[in-house]
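Next comes start_38.tsv, a file with TSV, C-alpha atoms.
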chain	number	residue	atom	x	y	z
M	1	MET	CA	-9.66	14.18	6.53
M	2	ASP	CA	-11.98	16.35	4.48
M	3	ASN	CA	-12.81	13.33	2.31
M	4	VAL	CA	-13.83	11.31	5.37
M	5	VAL	CA	-16.03	14.12	6.66
M	6	ASP	CA	-17.58	14.70	3.22
M	7	SER	CA	-18.22	10.99	2.77
M	8	LEU	CA	-19.88	10.73	6.17
M	9	ASN	CA	-21.97	13.84	5.53
M	10	ASN	CA	-23.09	12.62	2.11
M	11	ALA	CA	-24.02	9.20	3.47
M	12	TYR	CA	-25.98	10.85	6.28
M	13	GLN	CA	-27.85	13.15	3.89
M	14	ASP	CA	-28.71	10.19	1.62
M	15	PHE	CA	-29.90	8.20	4.65
M	16	ILE	CA	-32.15	11.04	5.85
M	17	ALA	CA	-33.55	11.55	2.33
M	18	ALA	CA	-34.34	7.82	2.09
M	19	ALA	CA	-36.08	7.93	5.48
M	20	ALA	CA	-38.16	10.90	4.35
M	21	ASN	CA	-39.03	9.05	1.14
M	22	VAL	CA	-40.31	6.05	3.12
M	23	LEU	CA	-42.48	8.30	5.26
M	24	GLU	CA	-43.89	10.05	2.19
M	25	CYS	CA	-44.69	6.75	0.48
M	26	ARG	CA	-46.44	5.44	3.56
M	27	GLU	CA	-48.42	8.65	3.94
M	28	ASN	CA	-49.45	8.67	0.26
M	29	THR	CA	-50.64	5.06	0.37
M	30	SER	CA	-52.44	5.42	3.73
M	31	ALA	CA	-49.98	2.98	5.34
M	32	LEU	CA	-50.81	0.20	2.85
M	33	LYS	CA	-48.01	-1.97	1.60
M	34	THR	CA	-47.31	-1.17	-2.04
M	35	THR	CA	-44.52	-1.65	-4.52
M	36	ALA	CA	-43.50	1.99	-4.05
M	37	THR	CA	-43.32	1.49	-0.28
M	38	ASP	CA	-41.29	-1.70	-0.70
M	39	THR	CA	-38.91	0.08	-3.05
M	40	ALA	CA	-38.55	3.01	-0.66
M	41	LEU	CA	-37.89	0.62	2.24
M	42	GLU	CA	-35.26	-1.26	0.23
M	43	ASN	CA	-33.58	2.03	-0.69
M	44	PHE	CA	-33.72	3.07	2.97
M	45	LYS	CA	-32.03	-0.20	3.98
M	46	GLN	CA	-29.25	0.33	1.42
M	47	LYS	CA	-28.70	3.93	2.54
M	48	TRP	CA	-28.61	2.78	6.18
M	49	GLU	CA	-25.90	0.23	5.34
M	50	LEU	CA	-23.90	2.82	3.41
M	51	PHE	CA	-24.20	5.24	6.31
M	52	ARG	CA	-22.96	2.55	8.72
M	53	VAL	CA	-19.99	1.86	6.44
M	54	ALA	CA	-19.17	5.58	6.31
M	55	CYS	CA	-19.38	5.75	10.12
M	56	ASP	CA	-17.07	2.75	10.45
M	57	GLN	CA	-14.56	4.31	8.05
M	58	ALA	CA	-14.66	7.60	9.95
M	59	GLU	CA	-14.13	5.75	13.23
M	60	GLU	CA	-11.17	3.83	11.77
M	61	PHE	CA	-9.69	7.09	10.53
M	62	VAL	CA	-10.02	8.72	13.95
M	63	GLU	CA	-8.48	5.68	15.66
M	64	SER	CA	-5.53	5.67	13.25
M	65	LEU	CA	-4.96	9.37	13.91
M	66	LYS	CA	-5.11	8.79	17.66
M	67	GLN	CA	-2.53	6.02	17.38
M	68	ARG	CA	-0.27	8.09	15.15
M	69	ILE	CA	-0.45	11.14	17.41
M	70	GLY	CA	0.14	8.96	20.47
M	71	SER	CA	3.15	7.33	18.83
M	72	GLU	CA	4.61	10.67	17.81
M	73	CYS	CA	4.14	12.04	21.32
M	74	LEU	CA	5.74	8.93	22.80
M	75	VAL	CA	8.74	9.23	20.48
M	76	ASP	CA	9.07	12.95	21.24
M	77	GLU	CA	8.85	12.33	24.97
M	78	ALA	CA	11.23	9.37	24.93
M	79	THR	CA	13.85	11.04	22.77
M	80	GLY	CA	13.65	14.31	24.66
M	81	SER	CA	12.79	16.29	21.55
M	82	VAL	CA	9.68	17.84	23.10
M	83	ALA	CA	10.03	21.58	23.03
M	84	GLY	CA	8.67	23.05	26.25
M	85	LYS	CA	6.30	25.97	26.31
M	86	PRO	CA	7.83	29.24	27.51
M	87	GLY	CA	7.97	29.30	31.29
M	88	GLN	CA	7.25	25.58	31.59
M	89	ALA	CA	9.73	22.98	32.76
M	90	THR	CA	10.41	20.24	30.21
M	91	MET	CA	12.12	17.77	32.56
M	92	THR	CA	10.14	14.54	32.86
M	93	GLY	CA	12.50	12.76	35.22
M	94	LEU	CA	13.26	10.12	32.58
M	95	PRO	CA	16.48	10.19	30.62
M	96	PRO	CA	15.87	10.47	26.87
M	97	ILE	CA	16.38	7.38	24.72
M	98	SER	CA	17.12	7.13	21.06
M	99	ALA	CA	14.36	6.64	18.51
M	100	VAL	CA	16.09	3.42	17.42
M	101	ARG	CA	15.95	2.10	20.99
M	102	LEU	CA	12.29	3.07	21.26
M	103	GLU	CA	11.53	1.20	18.04
M	104	GLN	CA	13.29	-1.89	19.38
M	105	MET	CA	11.21	-1.80	22.54
M	106	SER	CA	8.07	-1.31	20.48
M	107	LYS	CA	8.92	-4.40	18.40
M	108	ALA	CA	9.45	-6.39	21.59
M	109	VAL	CA	6.00	-5.44	22.80
M	110	ARG	CA	4.46	-6.32	19.43
M	111	TRP	CA	6.13	-9.75	19.48
M	112	LEU	CA	4.80	-10.40	22.96
M	113	VAL	CA	1.29	-9.37	21.94
M	114	ILE	CA	1.40	-11.59	18.84
M	115	GLU	CA	2.62	-14.55	20.86
M	116	LEU	CA	-0.06	-14.01	23.49
M	117	GLN	CA	-2.74	-13.80	20.80
M	118	HIS	CA	-1.55	-17.10	19.34
M	119	GLY	CA	-1.82	-18.77	22.73
M	120	SER	CA	1.84	-19.45	23.38
M	121	GLY	CA	1.73	-17.85	26.81
M	122	ALA	CA	3.95	-20.43	28.57
M	123	GLY	CA	7.31	-19.41	27.15
M	124	THR	CA	6.41	-15.94	25.95
M	125	SER	CA	9.23	-13.89	27.42
M	126	ASN	CA	11.96	-16.37	26.52
M	127	SER	CA	10.75	-16.96	22.98
M	128	ALA	CA	10.38	-13.24	22.28
M	129	LEU	CA	13.97	-12.61	23.30
M	130	SER	CA	15.36	-15.57	21.36
M	131	HIS	CA	13.44	-14.84	18.17
M	132	PRO	CA	15.71	-14.48	15.09
M	133	SER	CA	14.80	-10.83	14.78
M	134	ALA	CA	15.12	-10.28	18.52
M	135	PRO	CA	13.88	-6.82	19.44
M	136	PHE	CA	16.61	-6.11	22.03
M	137	ASP	CA	20.16	-5.24	21.12
M	138	ALA	CA	23.02	-6.19	23.47
M	139	ARG	CA	24.77	-2.91	22.66
M	140	PHE	CA	22.34	-1.12	24.97
M	141	THR	CA	23.38	-1.25	28.60
M	142	GLU	CA	19.84	-1.07	29.98
M	143	ASP	CA	19.09	-4.45	28.30
M	144	ALA	CA	22.18	-6.09	29.74
M	145	ALA	CA	21.29	-4.92	33.26
M	146	GLN	CA	17.86	-6.56	33.17
Structure encoded using structure tokens:
Amino acid sequence: MDNVVDSLNNAYQDFIAAAANVLECRENTSALKTTATDTALENFKQKWELFRVACDQAEEFVESLKQRIGSECLVDEATGSVAGKPGQATMTGLPPISAVRLEQMSKAVRWLVIELQHGSGAGTSNSALSHPSAPFDARFTEDAAQ
């Protein structure tokens, strides 16, 4: 995470320095277009693009962390391995399920999303359940009841 923050900070500092350089060039040439101004503007454009890339990378990093934390919390909640804070009830009203079962349900959802994205919406639920690597396992009673 420190690398992402450092990269974003460095890109920002370079971008600000390039902006200041453009302003100095324009001031020194009395707002006339010169080679120095063109060079400063080109450098500014490059630094702007690099800053945007650094921002995108930081955003992707944050999103991946959010997904990972959300997944870990979901697994903890579903498997009942969430340790409650002292004096706080830990009962959620849902019976815990195994991590394997949770993974199977997650795969089922992913298959459905993939099929929906590929436009095969007509037989989505049937094809997801009959797929060779079917996400549901008949050993689990909650699948058989549905």
Check: What is the CA of Phe15 (chain M)-CA of Leu50 (chain M) distance in Å, reported with one decimal?
Finding: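 Those two atoms sit 8.2 Å apart.
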Next item on the list: Would you mind telling me which residue in M:Ser106, M:Gln57, M:Gln67, M:Thr39 lies nearest to Asn21 (chain M) when using all atoms listed in the file?
Entry: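 Closest to Asn21 (chain M), using all atoms listed in the file: M:Thr39.
Atom pair CA of Trp48 (chain M) / CA of Ser30 (chain M) has a distance of 24.1 Å (rounded to one decimal).
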Item checked: CA of Ala99 (chain M) to CA of Glu72 (chain M), straight-line distance in Å ->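 So the answer is 10.6 Å.
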Margin query: Can you pull out the residues contacting Arg26 (chain M)? Cut-off 10 Å, using all atoms listed in the file, and skip same-chain residues under 5 positions away; I want them as a ChimeraX atom specification.
Written below: /M:20-21,31-34,36-38,40-41
Note to self: Neighbouring residues of Met1 (chain M) were defined as those with any atom within 12 Å, considering all atoms listed in the file; residues of the same chain fewer than 2 positions away were excluded. Please report them as a PyMOL selection string.
What the structure shows: chain M and resi 3-8+57-62+64-65
Residues as selected, C-alpha atoms, written as a PDB file, in the frame of the given file, can you do that?
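Result file selection_24.pdb:
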ATOM      1  CA  ASN M   3     -12.810  13.330   2.310  1.00  0.00           C
ATOM      2  CA  VAL M   4     -13.830  11.310   5.370  1.00  0.00           C
ATOM      3  CA  VAL M   5     -16.030  14.120   6.660  1.00  0.00           C
ATOM      4  CA  ASP M   6     -17.580  14.700   3.220  1.00  0.00           C
ATOM      5  CA  SER M   7     -18.220  10.990   2.770  1.00  0.00           C
ATOM      6  CA  LEU M   8     -19.880  10.730   6.170  1.00  0.00           C
ATOM      7  CA  GLN M  57     -14.560   4.310   8.050  1.00  0.00           C
ATOM      8  CA  ALA M  58     -14.660   7.600   9.950  1.00  0.00           C
ATOM      9  CA  GLU M  59     -14.130   5.750  13.230  1.00  0.00           C
ATOM     10  CA  GLU M  60     -11.170   3.830  11.770  1.00  0.00           C
ATOM     11  CA  PHE M  61      -9.690   7.090  10.530  1.00  0.00           C
ATOM     12  CA  VAL M  62     -10.020   8.720  13.950  1.00  0.00           C
ATOM     13  CA  SER M  64      -5.530   5.670  13.250  1.00  0.00           C
ATOM     14  CA  LEU M  65      -4.960   9.370  13.910  1.00  0.00           C
TER      15      LEU M  65
END
Check: Which is closer to Asp14 (chain M) than all the others in M:Glu103, M:Ala54, M:Asp2, M:Asp76, using only C-alpha atoms?
Finding: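 Checking each of M:Glu103, M:Ala54, M:Asp2, M:Asp76 against Asp14 (chain M), counting only C-alpha atoms, the winner is M:Ala54.
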Margin query: Between M:Val113, M:Met105, M:Ala11, M:Val100, which residue has the minimum interatomic distance to Phe51 (chain M), considering all atoms listed in the file?
Written below: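 Closest residue, counting all atoms listed in the file: M:Ala11.
Considering the residues M:Val22, M:Glu63, M:Arg101, M:Lys47 and counting only C-alpha atoms, Thr35 (chain M) has its shortest atom-to-atom contact with M:Val22.
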